[in-house]
Protein chains: 2
Amino acid sequence: MSETATPKVGTKTACLLVIGNEILSGRTQDANIRAVAVALGAAGIRLDEVRVIPDVAETIISTLNTCRAHFDMVLTTGGIGPTHDDITAPCVARAFGVPLERHDETFRLLEATFAPGTFNTARQRMAMLPKGSIPIPNDVSAAPGFSIGNVHVMAGVPRIMRAMLRSLVPTLPGGAPLAMASWHSDTLREGDLADALSAVQDEFPALDLGSYPYERPDGRRGVALVAKGFDSEQVRRAGARLRTVIEGLGAVPIEGEPPA
Amino acid sequence: MSETATPKVGTKTACLLVIGNEILSGRTQDANIRAVAVALGAAGIRLDEVRVIPDVAETIISTLNTCRAHFDMVLTTGGIGPTHDDITAPCVARAFGVPLERHDETFRLLEATFAPGTFNTARQRMAMLPKGSIPIPNDVSAAPGFSIGNVHVMAGVPRIMRAMLRSLVPTLPGGAPLAMASWHSDTLREGDLADALSAVQDEFPALDLGSYPYERPDGRRGVALVAKGFDSEQVRRAGARLRTVIEGLGAVPIEGEPPA
């Protein structure tokens with residue numbers, strides 16, 4: 001975690017750990033990375049890295065410790081259910097060197113959710129949190145995520161993850177939201193505008209300028225130009241320059257992103 | 001890269017680096033991780049980690065050097081186009097300590113593709129490869145990916161990436177394909193089967209057993225049980241056991257994955 005007393009706007013950094021063999025085997029298409037990226041950006045936090053790692057305790061622990069030292073915060077998804085491969089909570093406890101203990105409020109919440117006789121040992125495990133954790137509630141499932149230090153642990157099921165993200169993000173130290181300006185043109189190619197785009201990047205070194213080729217369903221191919229950054233006034237000015245880049249090449253600029 | 005003389009079946013490991021600010025900002029939904037995971041699994045290679053990293057030279061170089069030492073092979077996507085943020089090739093050259101040089105065959109291929117007068121400096125950059133690289137051809141675009149040592153560099157545009165993957169994968173050292181067996185049931189919950197599933201995992205320690213809750217469009221909720229591994233006979237036997245786990249809980253087992 002950063003030790004600076006006065007956080008700079010838009011410079012808090014985050015790393016997301018996607019914990020789960022099902023992404024690495026190709027069984028499951030990831031649906032969480034983008035949701036986390038968008039929610040953090042809107043809160044003025046820069047997602048600087050994502051790692052997808054398997055359900056292997058030593059890997060989870062060492063990756064957690066590397067990343068929580070390197071980034072201002074770490075978010076994780078996956079591995080907090082009731083089955084044998086759900087090992088995120090004990091791994092976080094080991095990474096922090098604290099015991100896993102029953103969180104009484106969570107235990108009672110879970111107990112009240114399940115039908116009599118079905119709140120078995122496996123389900124009771126979901127109330128075991130690293131000592132000192134603060135639950136991350138969600139309105140979909142009774143089992144919470146949890147925060148400890150700068151690590152925030154969420155479920156892997158996308159609907160539950162998004163509900164936890166809505167609870168979590170307002171509690172994070174952020175800043176001005178990520179601003180974005182984009183223009184596209186159906187007749188441009190990346191190789192035609194590379195020099196002009198590079199010149200705009202030099203004018204706005206604090207922004208992230210990108211060009212993204214696209215193909216419309218009817219086969220027309222073009223390029224989208226995007227300026228992003230945490231200074232909305234600079235982004236606005238860079239967006240105006242992107243428009244002139246397209247016009248300067250004799251093409252028709254269209255505001256915004258091309259239709260998906 | 002592993003130095004063992006006799007590679008064990010199914011134990012080659014791979015890491016995928018997804019290079020691109022557009023994934024980290026949430027602008028773009030990743031569509032490459034799963035395609036790479038499936039193609040490697042089919043070739044008997046285990047995808048052990050994915051990292052999504054930004055278009056920052058020092059980050060790309062240090063991540064490449066860490067990962068190519070740790071895994072048998074590293075695949076990358078993104079950053080090989082003609083614009084200022086396409087810096088993967090020079091970063092790979094720096095990571096390997098070799099110069100970037102014009103690859104003549106690629107230069108001629110590109111030159112022949114573009115209309116007279118449009119093969120400008122930006123486009124010529126796509127023929128600059130790290131010294132000693134072998135191009136990865138593709139049937140969509142004239143600009144190739146490339147392999148150097150155990151690092152394999154591909155485009156980020158999904159259609160071009162998949163074409164490169166088709167060229168690349170048959171050249172990689174692999175083994176027996178990843179086998180998978182799955183059963184699901186619309187009336188099960190994860191917490192009901194955790195103990196029984198854990199017992200099956202203990203019977204097959206070399207396999208990866210997972211349970212995945214799902215919800216059908218009509219609201220019915222169930223769980224899919226999946227056994228995966230590189231020993232197809234063991235996977236077949238584990239699959240049969242998963243069926244009996246579901247039956248033992250009084251539910252109806254359905255073979256395969258639930259409909260998406």
# chains A, B, ... in the order shown; residues from 1 in each chain; ligands from 1
$ residues_around --residues "Leu64 in chain A" --least-positions-apart "2" --cutoff "12 Å" --atoms "only C-alpha atoms" --output "ChimeraX atom specification"
/A:15-19,50-53,57-62,66-71,73-76,88-89,91-96,148-153
$ write_last_selection --atoms "C-alpha atoms" --output "CSV table (one decimal), in the first residue's frame"
chain,number,residue,atom,x,y,z
A,15,CYS,CA,-4.1,-5.2,-9.5
A,16,LEU,CA,-6.8,-7.8,-10.1
A,17,LEU,CA,-6.2,-11.5,-9.4
A,18,VAL,CA,-8.6,-13.8,-11.2
A,19,ILE,CA,-8.3,-17.0,-9.2
A,50,VAL,CA,-4.5,-8.5,-14.1
A,51,ARG,CA,-3.2,-11.9,-13.3
A,52,VAL,CA,-5.2,-15.1,-13.8
A,53,ILE,CA,-3.8,-17.8,-11.6
A,57,ALA,CA,-2.3,-22.4,-2.6
A,58,GLU,CA,1.5,-21.6,-2.9
A,59,THR,CA,0.8,-19.7,-6.1
A,60,ILE,CA,-2.1,-17.7,-4.6
A,61,ILE,CA,-0.1,-16.8,-1.5
A,62,SER,CA,3.1,-15.7,-3.3
A,66,THR,CA,4.0,-9.8,-4.4
A,67,CYS,CA,1.1,-7.8,-5.7
A,68,ARG,CA,-0.2,-6.2,-2.4
A,69,ALA,CA,3.4,-4.9,-1.9
A,70,HIS,CA,3.6,-3.5,-5.4
A,71,PHE,CA,0.1,-1.9,-6.0
A,73,MET,CA,-4.7,-2.3,-3.7
A,74,VAL,CA,-5.4,-5.8,-4.9
A,75,LEU,CA,-8.8,-7.1,-5.8
A,76,THR,CA,-9.5,-10.8,-6.2
A,88,THR,CA,-8.9,-18.1,-1.4
A,89,ALA,CA,-9.8,-17.2,2.2
A,91,CYS,CA,-4.6,-18.4,1.4
A,92,VAL,CA,-5.3,-14.8,2.2
A,93,ALA,CA,-5.0,-15.6,5.9
A,94,ARG,CA,-1.6,-17.3,5.3
A,95,ALA,CA,-0.4,-14.4,3.1
A,96,PHE,CA,-1.2,-12.0,6.0
A,148,ILE,CA,-8.2,-7.1,4.8
A,149,GLY,CA,-5.6,-4.4,4.5
A,150,ASN,CA,-5.4,-3.4,0.9
A,151,VAL,CA,-6.7,-6.8,-0.4
A,152,HIS,CA,-10.4,-7.1,-1.4
A,153,VAL,CA,-11.7,-10.6,-2.0
$ interface_residues --of "chain A" --to "chain B" --cutoff "6 Å" --atoms "only C-alpha atoms" --output "compact mmCIF listing (two decimals) with all heavy atoms, in the first residue's frame"
# COMPACT_ATOMS: atom_id res chain seq x y z
N LEU A 24 -8.25 -20.66 -16.91
CA LEU A 24 -6.99 -21.11 -17.51
C LEU A 24 -7.18 -22.34 -18.40
O LEU A 24 -6.38 -22.58 -19.30
CB LEU A 24 -5.96 -21.42 -16.41
CG LEU A 24 -5.48 -20.20 -15.63
CD1 LEU A 24 -4.66 -20.63 -14.41
CD2 LEU A 24 -4.65 -19.28 -16.54
N SER A 25 -8.21 -23.15 -18.12
CA SER A 25 -8.46 -24.31 -18.96
C SER A 25 -9.28 -23.95 -20.19
O SER A 25 -9.43 -24.75 -21.10
CB SER A 25 -9.21 -25.39 -18.18
OG SER A 25 -10.55 -24.99 -17.96
N GLY A 26 -9.83 -22.74 -20.20
CA GLY A 26 -10.69 -22.34 -21.31
C GLY A 26 -12.13 -22.78 -21.13
O GLY A 26 -12.98 -22.55 -21.98
N GLN A 29 -15.40 -18.40 -20.16
CA GLN A 29 -15.01 -17.10 -20.70
C GLN A 29 -15.05 -16.09 -19.55
O GLN A 29 -16.08 -15.94 -18.89
CB GLN A 29 -15.98 -16.68 -21.80
CG GLN A 29 -15.93 -15.21 -22.20
CD GLN A 29 -14.61 -14.81 -22.85
OE1 GLN A 29 -14.12 -15.51 -23.72
NE2 GLN A 29 -14.04 -13.69 -22.42
N ARG A 34 -13.40 -6.93 -17.31
CA ARG A 34 -13.88 -5.66 -17.84
C ARG A 34 -14.75 -4.91 -16.82
O ARG A 34 -14.65 -3.70 -16.68
CB ARG A 34 -14.66 -5.89 -19.13
CG ARG A 34 -14.98 -4.62 -19.85
CD ARG A 34 -15.76 -4.86 -21.12
NE ARG A 34 -15.81 -3.65 -21.92
CZ ARG A 34 -16.50 -3.55 -23.05
NH1 ARG A 34 -17.16 -4.59 -23.51
NH2 ARG A 34 -16.51 -2.41 -23.72
N ALA A 37 -12.49 -3.32 -14.34
CA ALA A 37 -11.75 -2.22 -14.96
C ALA A 37 -12.63 -0.97 -15.05
O ALA A 37 -12.20 0.13 -14.71
CB ALA A 37 -11.26 -2.63 -16.35
N VAL A 38 -13.86 -1.15 -15.51
CA VAL A 38 -14.76 -0.01 -15.68
C VAL A 38 -15.12 0.61 -14.33
O VAL A 38 -15.09 1.84 -14.17
CB VAL A 38 -16.03 -0.46 -16.45
CG1 VAL A 38 -17.11 0.61 -16.41
CG2 VAL A 38 -15.68 -0.81 -17.89
N LEU A 47 -6.40 0.50 -13.04
CA LEU A 47 -6.11 -0.94 -13.04
C LEU A 47 -4.83 -1.14 -13.85
O LEU A 47 -4.80 -0.93 -15.05
CB LEU A 47 -7.27 -1.72 -13.66
CG LEU A 47 -7.09 -3.25 -13.69
CD1 LEU A 47 -6.93 -3.83 -12.30
CD2 LEU A 47 -8.27 -3.91 -14.42
N GLU A 49 -2.67 -4.00 -13.64
CA GLU A 49 -2.30 -5.36 -14.03
C GLU A 49 -3.42 -6.30 -13.64
O GLU A 49 -4.13 -6.07 -12.66
CB GLU A 49 -0.99 -5.79 -13.33
CG GLU A 49 -0.50 -7.15 -13.79
CD GLU A 49 0.96 -7.44 -13.36
OE1 GLU A 49 1.79 -6.52 -13.36
OE2 GLU A 49 1.23 -8.62 -13.05
N VAL A 50 -3.58 -7.36 -14.42
CA VAL A 50 -4.48 -8.46 -14.07
C VAL A 50 -3.65 -9.73 -14.15
O VAL A 50 -2.85 -9.90 -15.09
CB VAL A 50 -5.65 -8.58 -15.07
CG1 VAL A 50 -6.56 -9.76 -14.70
CG2 VAL A 50 -6.45 -7.29 -15.14
N ARG A 51 -3.80 -10.61 -13.17
CA ARG A 51 -3.20 -11.94 -13.28
C ARG A 51 -4.28 -12.99 -13.10
O ARG A 51 -5.06 -12.92 -12.16
CB ARG A 51 -2.11 -12.16 -12.22
CG ARG A 51 -0.94 -11.21 -12.37
CD ARG A 51 0.24 -11.69 -11.54
NE ARG A 51 1.24 -10.65 -11.46
CZ ARG A 51 2.45 -10.80 -10.92
NH1 ARG A 51 2.78 -11.98 -10.38
NH2 ARG A 51 3.31 -9.81 -10.90
N VAL A 52 -4.30 -13.95 -13.99
CA VAL A 52 -5.17 -15.11 -13.84
C VAL A 52 -4.29 -16.25 -13.34
O VAL A 52 -3.29 -16.59 -13.99
CB VAL A 52 -5.82 -15.52 -15.18
CG1 VAL A 52 -6.85 -16.63 -14.95
CG2 VAL A 52 -6.45 -14.32 -15.88
N ILE A 53 -4.63 -16.79 -12.18
CA ILE A 53 -3.79 -17.83 -11.56
C ILE A 53 -4.64 -19.02 -11.15
O ILE A 53 -5.85 -18.90 -10.95
CB ILE A 53 -3.00 -17.27 -10.35
CG1 ILE A 53 -3.97 -16.70 -9.30
CG2 ILE A 53 -2.00 -16.22 -10.79
CD1 ILE A 53 -3.25 -16.25 -8.01
N PRO A 82 -18.14 -23.03 -1.23
CA PRO A 82 -18.08 -24.06 -0.19
C PRO A 82 -17.28 -25.31 -0.56
O PRO A 82 -17.18 -26.21 0.27
CB PRO A 82 -19.56 -24.41 0.00
CG PRO A 82 -20.16 -24.23 -1.36
CD PRO A 82 -19.39 -23.09 -2.00
N THR A 83 -16.72 -25.40 -1.79
CA THR A 83 -16.13 -26.69 -2.18
C THR A 83 -14.61 -26.71 -2.01
O THR A 83 -13.97 -25.70 -1.72
CB THR A 83 -16.54 -27.06 -3.62
OG1 THR A 83 -16.08 -26.07 -4.52
CG2 THR A 83 -18.05 -27.23 -3.73
N HIS A 84 -14.05 -27.94 -2.21
CA HIS A 84 -12.64 -28.20 -1.90
C HIS A 84 -11.68 -27.28 -2.64
O HIS A 84 -10.58 -27.01 -2.17
CB HIS A 84 -12.30 -29.66 -2.23
CG HIS A 84 -12.33 -29.94 -3.70
ND1 HIS A 84 -11.21 -29.88 -4.50
CD2 HIS A 84 -13.36 -30.22 -4.55
CE1 HIS A 84 -11.54 -30.13 -5.75
NE2 HIS A 84 -12.83 -30.35 -5.82
N ALA A 122 -19.54 -27.81 5.04
CA ALA A 122 -19.01 -27.17 3.83
C ALA A 122 -19.50 -25.72 3.74
O ALA A 122 -18.72 -24.80 3.46
CB ALA A 122 -19.45 -27.96 2.58
N ARG A 123 -20.79 -25.52 4.03
CA ARG A 123 -21.34 -24.15 3.94
C ARG A 123 -20.84 -23.27 5.08
O ARG A 123 -20.67 -22.06 4.90
CB ARG A 123 -22.87 -24.21 3.93
CG ARG A 123 -23.38 -24.76 2.61
CD ARG A 123 -24.88 -24.77 2.51
NE ARG A 123 -25.29 -25.01 1.14
CZ ARG A 123 -26.06 -26.03 0.74
NH1 ARG A 123 -26.53 -26.89 1.63
NH2 ARG A 123 -26.36 -26.18 -0.54
N GLY A 191 -2.16 2.42 -40.30
CA GLY A 191 -0.86 2.79 -40.87
C GLY A 191 -0.87 4.16 -41.51
O GLY A 191 0.18 4.75 -41.74
N ALA A 194 -0.55 6.81 -38.19
CA ALA A 194 0.39 6.54 -37.10
C ALA A 194 1.21 7.78 -36.73
O ALA A 194 1.34 8.12 -35.55
CB ALA A 194 1.30 5.37 -37.48
N SER A 198 0.92 9.86 -33.20
CA SER A 198 2.11 9.93 -32.36
C SER A 198 2.40 11.38 -31.95
O SER A 198 2.79 11.66 -30.82
CB SER A 198 3.29 9.32 -33.13
OG SER A 198 4.42 9.26 -32.32
$ atom_distance --atom1 "CA of Glu203 in chain A" --atom2 "CA of Ala238 in chain A"
8.4 Å
$ atom_distance --atom1 "CA of Pro158 in chain A" --atom2 "CA of Ala260 in chain B"
13.8 Å
$ residues_around --residues "Pro177 in chain B" --least-positions-apart "5" --cutoff "8 Å" --atoms "only C-alpha atoms" --output "list of chain:residue names"
B:Gly10, B:Gly41, B:Ala42, B:Ala43, B:Gly44, B:Ile45, B:Phe230
$ write_last_selection --atoms "C-alpha atoms" --output "PDB file, in the first residue's frame"
ATOM      1  CA  GLY B  10       0.977 -32.877 -20.522  1.00  0.00           C
ATOM      2  CA  GLY B  41      -5.073 -27.536 -23.874  1.00  0.00           C
ATOM      3  CA  ALA B  42      -5.819 -29.386 -27.106  1.00  0.00           C
ATOM      4  CA  ALA B  43      -2.072 -29.508 -27.779  1.00  0.00           C
ATOM      5  CA  GLY B  44      -1.300 -30.938 -24.332  1.00  0.00           C
ATOM      6  CA  ILE B  45       0.127 -27.696 -22.929  1.00  0.00           C
ATOM      7  CA  PHE B 230      -4.035 -34.918 -19.433  1.00  0.00           C
TER       8      PHE B 230
END
$ closest_residue --among "A:Ala240, A:Leu100, A:Leu168, A:Ala179" --to "Pro130 in chain A" --atoms "only C-alpha atoms"
A:Leu100
$ atom_distance --atom1 "CA of Ile87 in chain A" --atom2 "CA of Glu247 in chain B"
26.3 Å
$ select_by_dssp --residues "range 63-258 of chain B" --states "strand (DSSP E or B)" --output "ChimeraX atom specification"
/B:73-77,100-102,128-130,134-136,145-148,151-154,179-185,208-215,221-229,254-255
$ residues_around --residues "range 101-109 of chain B" --least-positions-apart "6" --cutoff "6 Å" --atoms "only C-alpha atoms" --output "list of chain:residue names"
B:Ala127, B:Met128, B:Leu129, B:Lys131
$ write_last_selection --atoms "all heavy atoms" --output "short mmCIF file (atom, residue, chain, number, x, y, z; two decimals), in the first residue's frame"
data_model
loop_
_atom_site.label_atom_id
_atom_site.label_comp_id
_atom_site.auth_asym_id
_atom_site.auth_seq_id
_atom_site.Cartn_x
_atom_site.Cartn_y
_atom_site.Cartn_z
N ALA B 127 7.88 -4.77 -40.17
CA ALA B 127 8.86 -5.75 -40.68
C ALA B 127 10.11 -5.79 -39.80
O ALA B 127 11.05 -6.53 -40.09
CB ALA B 127 9.25 -5.43 -42.12
N MET B 128 10.14 -4.99 -38.75
CA MET B 128 11.30 -4.97 -37.84
C MET B 128 11.08 -6.01 -36.74
O MET B 128 10.21 -5.85 -35.88
CB MET B 128 11.46 -3.58 -37.23
CG MET B 128 11.69 -2.45 -38.22
SD MET B 128 13.25 -2.61 -39.13
CE MET B 128 14.43 -2.19 -37.84
N LEU B 129 11.87 -7.08 -36.78
CA LEU B 129 11.73 -8.16 -35.80
C LEU B 129 13.02 -8.31 -35.00
O LEU B 129 14.10 -7.97 -35.48
CB LEU B 129 11.42 -9.48 -36.50
CG LEU B 129 10.21 -9.54 -37.45
CD1 LEU B 129 10.01 -10.97 -37.95
CD2 LEU B 129 8.95 -9.03 -36.76
N LYS B 131 16.34 -9.83 -33.85
CA LYS B 131 17.29 -10.67 -34.61
C LYS B 131 17.15 -12.13 -34.16
O LYS B 131 17.18 -12.41 -32.96
CB LYS B 131 18.71 -10.18 -34.35
CG LYS B 131 19.79 -10.87 -35.15
CD LYS B 131 21.17 -10.31 -34.72
CE LYS B 131 22.32 -11.07 -35.36
NZ LYS B 131 22.48 -10.76 -36.79
#
